[in-house]
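Asker: Contents of protein_3.txt (compact mmCIF, C-alpha atoms and all ligand atoms):
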# COMPACT_ATOMS: atom_id res chain seq x y z
CA MET A 1 0.00 0.00 0.00
CA ASN A 2 2.87 2.27 0.88
CA ALA A 3 4.97 1.51 -2.17
CA LEU A 4 5.67 4.61 -4.22
CA PRO A 5 7.34 4.81 -7.59
CA PRO A 6 10.94 6.08 -7.37
CA GLN A 7 10.91 9.87 -7.30
CA PRO A 8 13.36 12.09 -9.16
CA PRO A 9 15.32 14.47 -6.90
CA ARG A 10 13.81 17.95 -6.84
CA ALA A 11 15.63 21.04 -7.98
CA PRO A 12 17.41 22.61 -5.01
CA SER A 13 15.59 25.93 -5.52
CA SER A 14 12.23 24.32 -4.64
CA ARG A 15 13.48 23.27 -1.19
CA LEU A 16 14.40 25.21 1.88
CA LYS A 17 17.54 24.28 3.73
CA ARG A 18 16.59 22.05 6.63
CA ARG A 19 18.20 22.02 10.03
CA ASN A 20 21.12 19.79 10.90
CA PRO A 21 19.37 17.04 12.93
CA LEU A 22 22.37 16.74 15.28
CA VAL A 23 22.03 20.35 16.49
CA ALA A 24 19.74 20.81 19.51
CA LEU A 25 16.35 22.43 18.88
CA LYS A 26 15.90 26.06 19.93
CA PRO A 27 13.07 26.77 22.35
CA PRO A 28 10.32 28.72 20.56
CA LEU A 29 10.29 32.43 21.24
CA VAL A 30 7.15 34.51 20.71
CA PRO A 31 6.56 38.29 20.81
CA PRO A 32 4.69 39.84 23.78
CA PHE A 33 1.09 38.65 23.96
CA ALA A 34 -0.60 41.31 26.14
CA ARG A 35 -3.04 43.65 24.35
CA SER A 36 -5.79 45.99 25.51
CA ARG A 37 -9.37 44.80 25.06
CA ALA A 38 -9.87 47.44 22.33
CA ALA A 39 -6.83 46.13 20.45
CA GLN A 40 -8.32 42.63 20.28
CA GLY A 41 -10.56 44.02 17.52
CA LEU A 42 -7.47 44.16 15.29
CA THR A 43 -6.69 40.55 16.13
CA ALA A 44 -10.24 39.47 15.29
CA ALA A 45 -9.93 41.17 11.88
CA ALA A 46 -6.48 39.67 11.26
CA ALA A 47 -7.79 36.19 12.14
CA LEU A 48 -10.30 36.53 9.29
CA GLY A 49 -7.82 38.15 6.90
CA VAL A 50 -9.75 41.45 6.84
CA PHE A 51 -8.25 44.94 7.10
CA ALA A 52 -10.44 46.75 9.63
CA LEU A 53 -10.11 49.82 11.84
CA GLN A 54 -12.25 51.44 14.51
CA ARG A 55 -14.62 53.99 13.00
CA CYS A 56 -16.45 56.57 15.09
CA GLU A 57 -20.22 56.37 14.64
CA LYS A 58 -20.61 60.02 15.65
CA CYS A 59 -18.01 61.87 13.55
CA GLY A 60 -17.04 59.15 11.08
CA ALA A 61 -13.28 59.29 11.78
CA ALA A 62 -11.21 56.12 11.38
CA GLN A 63 -8.58 55.67 14.04
CA TYR A 64 -5.44 53.76 14.83
CA PRO A 65 -4.19 52.51 17.27
CA PRO A 66 -7.43 51.20 18.81
CA ARG A 67 -8.76 53.12 21.81
CA ASP A 68 -11.86 53.21 24.00
CA ALA A 69 -12.97 56.63 22.72
CA CYS A 70 -12.75 58.56 19.45
CA VAL A 71 -9.57 60.63 19.29
CA GLN A 72 -11.41 63.38 17.34
CA CYS A 73 -14.66 63.83 19.30
CA LEU A 74 -14.24 61.58 22.40
CA SER A 75 -17.37 59.58 21.55
CA PRO A 76 -17.23 56.00 22.89
CA ARG A 77 -19.38 54.80 19.95
CA LEU A 78 -16.66 53.03 17.98
CA ARG A 79 -17.35 50.13 15.59
CA TRP A 80 -14.91 47.90 13.75
CA ARG A 81 -15.36 48.47 10.03
CA PRO A 82 -13.46 47.20 6.99
CA ALA A 83 -11.09 49.94 5.84
CA GLU A 84 -8.97 50.69 2.80
CA GLY A 85 -5.59 49.06 3.43
CA THR A 86 -3.48 51.43 1.34
CA GLY A 87 -1.23 54.32 2.27
CA GLU A 88 1.96 56.26 1.76
CA LEU A 89 5.30 55.58 3.37
CA LEU A 90 6.51 58.89 4.85
CA SER A 91 9.77 57.80 6.46
CA GLU A 92 11.56 54.72 7.65
CA THR A 93 14.27 53.55 10.01
CA LEU A 94 16.17 50.40 10.88
CA ILE A 95 15.81 49.24 14.47
CA ARG A 96 18.87 47.33 15.58
CA HIS A 97 18.04 46.69 19.19
CA GLY A 98 15.05 45.69 21.32
CA GLN A 99 14.21 45.05 24.95
CA GLU A 100 12.31 41.87 24.06
CA LEU A 101 14.42 38.84 23.23
CA TYR A 102 12.10 37.93 20.34
CA PHE A 103 12.72 41.28 18.61
CA ARG A 104 16.40 41.34 19.48
CA GLU A 105 16.99 37.94 17.86
CA ARG A 106 15.34 39.11 14.65
CA ALA A 107 16.97 42.56 14.46
CA PRO A 108 17.40 44.66 12.44
CA TRP A 109 13.73 45.54 11.82
CA ARG A 110 12.74 47.78 8.95
CA VAL A 111 10.03 50.02 10.36
CA GLY A 112 8.14 52.84 8.67
CA LEU A 113 5.72 55.66 9.37
CA VAL A 114 2.74 55.30 7.06
CA ARG A 115 -0.15 57.71 6.39
CA LEU A 116 -3.20 55.58 5.66
CA ASP A 117 -5.50 56.79 2.88
CA CYS A 118 -8.45 56.47 5.31
CA GLY A 119 -6.94 58.99 7.76
CA PRO A 120 -4.74 57.84 10.63
CA SER A 121 -0.99 57.24 10.61
CA ALA A 122 0.67 54.07 11.82
CA ILE A 123 4.12 52.75 12.58
CA VAL A 124 4.40 49.42 10.80
CA ALA A 125 6.88 46.67 9.96
CA LEU A 126 8.04 46.97 6.32
CA HIS A 127 8.42 44.14 3.83
CA GLY A 128 11.91 44.03 2.32
CA ASP A 129 10.56 44.87 -1.15
CA CYS A 130 8.79 48.12 -0.10
CA ALA A 131 10.27 51.04 -2.05
CA PRO A 132 12.01 53.77 0.00
CA ALA A 133 9.91 56.78 1.13
CA PRO A 134 8.00 58.47 -0.30
CA SER A 135 6.21 55.50 -1.85
CA ARG A 136 2.81 53.85 -2.06
CA LEU A 137 2.20 50.58 -0.22
CA ARG A 138 -0.44 48.08 0.87
CA LEU A 139 -1.15 47.40 4.52
CA ARG A 140 -2.14 44.09 5.94
CA LEU A 141 -3.22 42.96 9.38
CA ALA A 142 -1.25 39.80 10.05
CA LEU A 143 -1.10 37.54 13.09
CA ASP A 144 2.30 37.40 14.71
CA LYS A 145 3.83 34.32 16.36
CA SER A 146 1.87 34.93 19.57
CA GLY A 147 -1.38 35.10 17.61
CA GLN A 148 -1.87 38.86 17.98
CA ALA A 149 -2.44 41.42 15.24
CA LEU A 150 0.55 43.13 13.66
CA MET A 151 0.21 45.79 10.96
CA ILE A 152 2.66 45.11 8.17
CA ALA A 153 3.32 46.94 4.93
CA LEU A 154 3.76 45.18 1.60
CA PRO A 155 4.92 46.67 -1.71
CA GLU A 156 2.10 48.20 -3.74
CA LYS A 157 2.36 45.45 -6.35
CA ASP A 158 3.40 41.81 -5.90
CA THR A 159 7.11 41.16 -6.37
CA PRO A 160 8.77 37.84 -7.27
CA ASP A 161 9.28 35.63 -4.20
CA MET A 162 7.65 38.17 -1.89
CA ALA A 163 6.34 35.29 0.27
CA GLU A 164 9.96 34.42 1.15
CA ASP A 165 10.47 37.66 3.10
CA PRO A 166 11.12 36.82 6.80
CA LEU A 167 8.23 39.10 7.82
CA VAL A 168 5.78 37.18 5.63
CA ARG A 169 7.23 33.76 6.49
CA GLU A 170 6.97 34.64 10.22
CA THR A 171 3.32 35.66 10.01
CA THR A 172 2.06 32.91 7.69
CA CYS A 173 2.19 29.11 7.53
CA ALA A 174 2.64 28.42 3.81
CA PRO A 175 2.82 24.70 3.01
CA ARG A 176 5.63 25.29 0.49
CA ALA A 177 8.68 23.17 1.39
CA ARG A 178 6.90 21.86 4.48
CA LYS A 179 5.81 18.37 5.49
CA VAL A 180 2.09 17.95 6.05
CA LEU A 181 -0.06 15.23 7.58
CA VAL A 182 -3.66 14.92 6.32
CA THR A 183 -5.48 12.65 8.73
CA ASP A 184 -8.07 11.03 6.44
CA ALA A 185 -7.28 10.87 2.76
CA LYS A 186 -10.00 8.35 1.93
CA THR A 187 -12.78 10.92 1.68
CA LYS A 188 -13.36 13.36 -1.18
CA VAL A 189 -12.28 16.20 1.11
CA GLY A 190 -9.15 14.35 2.21
CA ARG A 191 -8.15 13.64 -1.36
CA ALA A 192 -8.78 17.22 -2.49
CA MET A 193 -6.74 18.44 0.49
CA VAL A 194 -3.74 16.25 -0.35
CA GLU A 195 -3.84 17.31 -4.00
CA ALA A 196 -4.09 21.01 -3.10
CA LEU A 197 -1.15 20.77 -0.67
CA VAL A 198 1.02 19.02 -3.26
CA ALA A 199 0.09 21.72 -5.81
CA ALA A 200 1.04 24.40 -3.24
CA GLY A 201 4.58 23.02 -3.10
CA ALA A 202 4.50 20.88 0.06
CA ASP A 203 7.72 18.94 0.45
CA LEU A 204 5.86 15.78 1.48
CA VAL A 205 2.25 14.95 2.32
CA TRP A 206 1.45 12.01 4.54
CA ALA A 207 -2.03 10.81 3.63
CA GLY A 208 -3.61 8.96 6.55
CA TYR A 209 -6.06 6.14 5.92
CA ALA A 210 -8.12 3.94 8.23
CA ALA A 211 -9.88 0.63 7.51
CA PRO A 212 -7.33 -0.64 4.93
CA TRP A 213 -9.63 -3.56 4.03
CA LYS A 214 -12.14 -1.14 2.47
CA PRO A 215 -11.13 -0.35 -1.11
CA SER A 216 -10.90 3.35 -1.94
CA PRO A 217 -10.36 4.68 -5.47
CA HIS A 218 -9.34 8.06 -3.96
CA LEU A 219 -6.53 6.51 -2.00
CA GLU A 220 -5.08 4.52 -4.88
CA ALA A 221 -4.96 7.64 -7.04
CA LEU A 222 -3.25 9.57 -4.25
CA GLY A 223 -0.67 6.87 -3.64
CA ALA A 224 0.53 7.34 -7.21
CA LEU A 225 1.11 11.11 -6.76
CA GLU A 226 4.65 12.37 -6.40
CA GLY A 227 5.40 13.65 -2.91
CA VAL A 228 2.59 11.68 -1.23
CA SER A 229 3.15 8.90 1.27
CA LEU A 230 0.25 6.78 2.51
CA VAL A 231 0.29 6.12 6.26
CA PRO A 232 -2.11 4.02 8.34
CA LEU A 233 -4.03 6.21 10.81
CA ASP A 234 -7.29 5.54 12.60
CA VAL A 235 -8.22 8.51 14.80
CA THR A 236 -10.65 6.34 16.78
CA ASP A 237 -7.79 4.07 17.87
CA GLU A 238 -5.41 5.52 20.43
CA SER A 239 -2.58 3.12 19.67
CA SER A 240 -2.82 3.82 15.92
CA VAL A 241 -2.53 7.58 16.55
CA ARG A 242 0.32 7.14 19.01
CA GLU A 243 2.20 4.80 16.68
CA LEU A 244 2.07 7.24 13.78
CA ALA A 245 3.10 10.14 16.05
CA GLY A 246 6.02 8.00 17.20
CA SER A 247 7.23 7.43 13.67
CA ILE A 248 6.59 10.78 11.91
CA GLY A 249 5.47 13.20 14.69
CA GLY A 250 8.87 14.87 14.92
CA LYS A 251 8.80 15.74 11.21
CA VAL A 252 5.24 17.06 10.80
CA ASP A 253 5.20 20.82 10.11
CA ILE A 254 1.47 21.16 9.44
CA LEU A 255 -1.32 18.83 10.57
CA VAL A 256 -4.63 19.02 8.70
CA ASN A 257 -7.37 17.10 10.48
CA THR A 258 -10.01 16.18 7.91
CA ALA A 259 -11.22 13.03 9.70
CA GLU A 260 -14.98 13.29 9.99
CA TYR A 261 -17.99 11.07 10.59
CA HIS A 262 -21.30 12.48 9.43
CA ARG A 263 -24.76 10.93 9.22
CA PRO A 264 -27.61 13.33 8.50
CA GLY A 265 -30.81 13.14 10.52
CA SER A 266 -32.76 14.74 13.31
CA ILE A 267 -32.57 13.47 16.88
CA ALA A 268 -35.99 11.80 16.55
CA SER A 269 -35.20 10.10 13.23
CA ARG A 270 -33.08 7.35 14.74
CA GLY A 271 -33.08 5.30 17.92
CA GLY A 272 -30.14 4.77 20.25
CA VAL A 273 -26.90 6.69 20.48
CA ALA A 274 -24.64 4.52 18.32
CA THR A 275 -24.39 7.00 15.42
CA ALA A 276 -23.94 9.98 17.73
CA ARG A 277 -21.27 8.08 19.62
CA THR A 278 -19.33 7.36 16.41
CA GLU A 279 -19.59 11.03 15.44
CA MET A 280 -18.08 11.94 18.81
CA GLU A 281 -15.44 9.20 18.49
CA VAL A 282 -14.16 10.64 15.21
CA ASN A 283 -15.03 14.34 15.34
CA TYR A 284 -14.29 15.06 19.01
CA PHE A 285 -12.25 12.23 20.56
CA GLY A 286 -10.31 11.87 17.29
CA LEU A 287 -9.12 15.48 17.64
CA LEU A 288 -8.32 14.88 21.30
CA ARG A 289 -6.24 11.77 20.50
CA LEU A 290 -4.37 13.62 17.75
CA SER A 291 -3.75 16.55 20.11
CA GLN A 292 -2.38 14.37 22.87
CA SER A 293 -0.05 12.50 20.52
CA PHE A 294 1.16 15.21 18.12
CA MET A 295 1.15 18.45 20.15
CA ALA A 296 4.44 17.96 21.99
CA ALA A 297 6.38 17.19 18.81
CA LEU A 298 4.94 20.20 16.96
CA LYS A 299 5.69 22.51 19.89
CA ALA A 300 9.27 21.27 20.07
CA ARG A 301 9.85 22.14 16.40
CA ALA A 302 8.15 25.55 16.40
CA ALA A 303 11.51 27.34 16.11
CA ASP A 304 13.09 24.90 13.69
CA GLY A 305 14.39 27.37 11.09
CA PRO A 306 12.53 28.42 7.93
CA ALA A 307 10.72 25.08 7.58
CA SER A 308 9.55 24.86 11.19
CA ALA A 309 6.41 23.22 12.54
CA THR A 310 3.84 25.93 12.05
CA ALA A 311 0.12 25.10 11.96
CA TRP A 312 -2.72 22.82 12.95
CA VAL A 313 -5.86 22.90 10.82
CA ASN A 314 -9.26 21.62 11.96
CA ILE A 315 -12.10 21.12 9.51
CA LEU A 316 -15.12 21.92 11.69
CA SER A 317 -18.57 23.05 10.51
CA VAL A 318 -20.36 26.38 10.58
CA HIS A 319 -23.01 24.48 12.57
CA ALA A 320 -20.50 24.24 15.40
CA LEU A 321 -21.67 27.84 16.04
CA SER A 322 -25.39 27.10 15.91
CA ASN A 323 -26.96 23.66 15.56
CA ASP A 324 -28.63 22.59 12.32
CA PRO A 325 -31.39 20.26 13.63
CA ALA A 326 -31.46 18.28 10.34
CA HIS A 327 -27.87 17.28 11.25
CA GLY A 328 -28.41 17.52 15.00
CA THR A 329 -25.89 15.13 16.51
CA PHE A 330 -23.30 15.92 13.84
CA SER A 331 -23.57 19.63 14.68
CA ALA A 332 -23.22 18.80 18.38
CA SER A 333 -20.05 16.77 17.78
CA LYS A 334 -18.59 19.66 15.77
CA ALA A 335 -19.48 22.12 18.56
CA ALA A 336 -17.57 19.87 20.97
CA ALA A 337 -14.62 19.75 18.55
CA PHE A 338 -14.70 23.56 18.19
CA SER A 339 -14.54 23.99 21.95
CA LEU A 340 -11.62 21.57 22.14
CA ALA A 341 -9.89 23.38 19.27
CA GLN A 342 -10.03 26.59 21.34
CA ALA A 343 -8.22 24.77 24.16
CA LEU A 344 -5.72 23.42 21.64
CA ARG A 345 -5.13 26.94 20.31
CA ALA A 346 -4.51 28.28 23.81
CA ASP A 347 -2.06 25.47 24.46
CA LEU A 348 -0.11 25.89 21.21
CA GLN A 349 -0.06 29.70 21.36
CA ALA A 350 3.00 29.94 23.62
CA SER A 351 4.99 28.01 20.99
CA GLY A 352 3.81 30.09 18.04
CA ILE A 353 1.96 27.20 16.36
CA ARG A 354 -1.18 28.54 14.69
CA VAL A 355 -4.49 26.68 15.06
CA ILE A 356 -6.66 27.35 12.03
CA ASN A 357 -10.33 26.51 12.45
CA VAL A 358 -12.31 26.08 9.25
CA PHE A 359 -16.10 26.37 9.38
CA PRO A 360 -17.60 25.19 6.08
CA GLY A 361 -21.32 25.02 5.34
CA SER A 362 -22.63 21.85 3.69
CA ILE A 363 -19.92 20.10 1.71
CA ASP A 364 -20.82 18.52 -1.61
CA ASP A 365 -20.47 14.87 -0.53
CA GLU A 366 -22.71 11.83 -0.14
CA TRP A 367 -23.87 12.84 3.36
CA ASN A 368 -25.30 16.13 2.17
CA ALA A 369 -27.04 14.68 -0.89
CA ARG A 370 -30.42 15.92 0.39
CA VAL A 371 -29.20 19.40 1.24
CA ALA A 372 -30.24 22.05 -1.27
CA PRO A 373 -27.43 23.90 -3.09
CA PRO A 374 -25.27 25.93 -2.87
CA LYS A 375 -22.83 23.38 -1.44
CA LEU A 376 -19.10 23.74 -1.06
CA SER A 377 -17.02 21.48 -3.30
CA PRO A 378 -14.17 19.55 -1.63
CA ALA A 379 -11.75 21.29 -4.03
CA ALA A 380 -13.01 24.74 -2.95
CA LEU A 381 -12.64 23.75 0.70
CA ALA A 382 -9.08 22.52 0.11
CA LYS A 383 -8.25 25.74 -1.76
CA ALA A 384 -9.57 27.79 1.18
CA VAL A 385 -7.34 25.83 3.58
CA VAL A 386 -4.21 26.37 1.47
CA GLU A 387 -5.06 30.06 1.15
CA ALA A 388 -5.57 30.34 4.93
CA LEU A 389 -2.14 28.78 5.50
CA GLU A 390 -0.51 31.05 2.94
CA ARG A 391 -2.16 34.17 4.38
CA GLY A 392 -1.75 33.08 8.00
CA LEU A 393 -5.45 33.26 8.92
CA GLU A 394 -6.98 31.71 12.02
CA ASP A 395 -10.75 31.55 11.39
CA VAL A 396 -11.98 30.54 7.95
CA TYR A 397 -15.58 30.56 6.65
CA PRO A 398 -15.26 29.14 3.15
CA GLY A 399 -18.14 29.63 0.71
CA GLU A 400 -21.19 31.87 0.69
CA VAL A 401 -23.29 29.71 3.04
CA ALA A 402 -20.67 29.69 5.79
CA LYS A 403 -20.11 33.46 5.48
CA ASP A 404 -23.86 34.08 5.63
CA VAL A 405 -24.38 31.86 8.71
CA MET A 406 -21.40 33.46 10.46
CA ALA A 407 -22.69 36.99 9.75
CA ARG A 408 -26.17 36.07 11.03
CA PHE A 409 -24.60 34.45 14.12
CA LEU A 410 -22.61 37.59 14.93
CA GLU A 411 -25.62 39.81 14.40
CA ASN A 412 -28.16 37.85 16.42
CA PRO A 413 -27.44 34.29 17.61
CA LYS A 414 -30.99 33.83 18.90
CA ALA A 415 -32.54 34.75 15.57
CA LEU A 416 -30.19 32.32 13.80
CA GLU A 417 -31.19 29.49 16.16
CA ARG A 418 -34.86 30.09 15.32
CA GLU A 419 -34.19 30.37 11.58
CA LEU A 420 -32.23 27.07 11.52
CA ALA A 421 -35.04 25.39 13.47
CA GLY A 422 -37.48 26.47 10.79
ZN ZN A 501 -15.62 60.75 16.65
What is this structure when it is put down as structure tokens?
Ligand SMILES: [Zn+2]

Answerer:
Amino acid sequence: MNALPPQPPRAPSSRLKRRNPLVALKPPLVPPFARSRAAQGLTAAAALGVFALQRCEKCGAAQYPPRDACVQCLSPRLRWRPAEGTGELLSETLIRHGQELYFRERAPWRVGLVRLDCGPSAIVALHGDCAPAPSRLRLRLALDKSGQALMIALPEKDTPDMAEDPLVRETTCAPRARKVLVTDAKTKVGRAMVEALVAAGADLVWAGYAAPWKPSPHLEALGALEGVSLVPLDVTDESSVRELAGSIGGKVDILVNTAEYHRPGSIASRGGVATARTEMEVNYFGLLRLSQSFMAALKARAADGPASATAWVNILSVHALSNDPAHGTFSASKAAAFSLAQALRADLQASGIRVINVFPGSIDDEWNARVAPPKLSPAALAKAVVEALERGLEDVYPGEVAKDVMARFLENPKALERELAG
């Protein structure tokens, strides 16, 4: 099952230099975590990949940095609104020293004063390809290694290899040149995920499969792909998870948990708890088993040079936020997994490993055959995951349905509960 055709060596340019395995690992170092409550609004926007600033509802002024009152009129009525992320670099400097060890180790820092087109000025970290002042640039809210928002400036137009800049590499989790584990490659989603990661330049993708006695056309096709290695993994079996972590755990840079059990139906439509129990076994306890076995190894390699361990992706469901009664027990198992993923995120934060939670609506697979379109294709879901890794996002709502449910949830969770019940 594991036999792969001999693979030609890759061109050196497509690989990053890996660490000498005989040299001891560095402990991960993250920037300061503390932020004011107002500043968490920036982090929430960065987690979604949106550029947003506080806007005063009384006088209309946009402001930065975030505060509790408007700097123009002192009104406390401030709302987070998407803003134009463009501006002009007025001046820049090179900072060669810092009080914090994290900054000191990465010095010098290229830092600039930028006047945003929407009003305020900001001091931001500059991408290496930004032209000297005065020049136009794009601003982005990125998440730093401690998971907090950092305003960075990118050149106005894309430049070749701009993703290789240390500032971008530090704030994103691109799969390029990294080794990725996909936990269940037997499903349509798992297969699409493996293919998308290979296309994004992953160095190696381990494709996990359970129940080897069940034939799977997806798996056979994947096994023939260059850069893919099939590995036995059953997330419902503790010893299977531990065994795989023992053999490859120390090499995994990104873990994408696609393992999912889903049977549609309302609570009343079936007797007993067997189906609900299996959903919990895979969707909730599966994540817990993976966490217990793989977390320590990922944490240890969080500072392992340019191809360090970097991210953990969970495919949840937008109905983890609010239950869809037509998929009642499935939604409940995903809500449990979401809660656990928050604990996982808190635990991995100190090491700088990003936990990316993905909340799709109905996926176009056999278990949603009776759900009316629009449904999210497995390929679109996989594309959204790769994009989230490349942009360094934390919360992903792929597709129109997921975005709509999330917006309704934020606006009025009670109304959404009633609407889903109807
Ligand atoms: Zn105001």

Asker: Give me, as a PyMOL selection string, all polymer residues having an atom no more than 12 Å from A:Ala421, counting all atoms listed in the file and skipping those fewer than 6 positions away in the same chain.

Answerer: chain A and resi 266+322-328+414-415

Asker: Please report as a tab-separated table every residue of chain A lying within 9 Å of ligand ZN 501 (chain A), along with the nearest atom pair and their distance in Å (one decimal), using only C-alpha atoms and all ligand atoms.

Answerer:
residue	atom	partner	partner_atom	distance
A:Arg55	CA	A:ZN501	ZN	7.7
A:Cys56	CA	A:ZN501	ZN	4.5
A:Glu57	CA	A:ZN501	ZN	6.7
A:Lys58	CA	A:ZN501	ZN	5.1
A:Cys59	CA	A:ZN501	ZN	4.1
A:Gly60	CA	A:ZN501	ZN	6.0
A:Ala61	CA	A:ZN501	ZN	5.6
A:Ala62	CA	A:ZN501	ZN	8.3
A:Ala69	CA	A:ZN501	ZN	7.8
A:Cys70	CA	A:ZN501	ZN	4.6
A:Val71	CA	A:ZN501	ZN	6.6
A:Gln72	CA	A:ZN501	ZN	5.0
A:Cys73	CA	A:ZN501	ZN	4.2
A:Leu74	CA	A:ZN501	ZN	6.0
A:Ser75	CA	A:ZN501	ZN	5.3
A:Pro76	CA	A:ZN501	ZN	8.0
A:Arg77	CA	A:ZN501	ZN	7.8
A:Leu78	CA	A:ZN501	ZN	7.9

Asker: Do you have, as CSV, the list of residues of stretch 307-389 of chain A lying at most 8 Å from stretch 401-413 of chain A, each with its nearest atom pair and that distance in Å to one decimal, counting only C-alpha atoms and ordered by chain then number?

Answerer:
residue,atom,partner,partner_atom,distance
A:Val318,CA,A:Ala402,CA,5.8
A:Leu321,CA,A:Phe409,CA,7.5
A:Ser322,CA,A:Phe409,CA,7.6
A:Phe359,CA,A:Ala402,CA,6.7
A:Pro360,CA,A:Ala402,CA,5.5
A:Gly361,CA,A:Ala402,CA,4.7
A:Ser362,CA,A:Val401,CA,7.9
A:Pro374,CA,A:Val401,CA,7.3
A:Lys375,CA,A:Val401,CA,7.8

Asker: I want to know what sits within 10 Å of A:Ala350, based on all atoms listed in the file, with residues of the same chain fewer than 4 positions away left out; could you give that as number ranges by chain?

Answerer: A: 28-31, 33, 145-147, 299, 302, 345-346, 354

Asker: Please save C-alpha atoms of the selected residues as a compact mmCIF listing (two decimals), in the coordinates of the input.

Answerer:
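File produced: selection_3.txt:
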# COMPACT_ATOMS: atom_id res chain seq x y z
CA PRO A 28 10.32 28.72 20.56
CA LEU A 29 10.29 32.43 21.24
CA VAL A 30 7.15 34.51 20.71
CA PRO A 31 6.56 38.29 20.81
CA PHE A 33 1.09 38.65 23.96
CA LYS A 145 3.83 34.32 16.36
CA SER A 146 1.87 34.93 19.57
CA GLY A 147 -1.38 35.10 17.61
CA LYS A 299 5.69 22.51 19.89
CA ALA A 302 8.15 25.55 16.40
CA ARG A 345 -5.13 26.94 20.31
CA ALA A 346 -4.51 28.28 23.81
CA ARG A 354 -1.18 28.54 14.69

Asker: Just to confirm, what's the straight-line distance from atom CA of A:Leu233 to atom CA of A:Thr183 in Å (one decimal)?

Answerer: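 Atom CA of A:Thr183 lies at a distance of 6.9 Å from atom CA of A:Leu233.
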
Asker: Mind giving me the straight-line distance from atom CA of A:Ala382 to atom CA of A:Leu139 in Å, one decimal?

Answerer: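 Result for atom CA of A:Ala382 versus atom CA of A:Leu139: 26.5 Å, one decimal.
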
Asker: Could you tell me how far atom CA of A:Tyr284 lies from atom CA of A:Ala337, in Å and to one decimal?

Answerer: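 Pair atom CA of A:Tyr284 / atom CA of A:Ala337 returns 4.7 Å.
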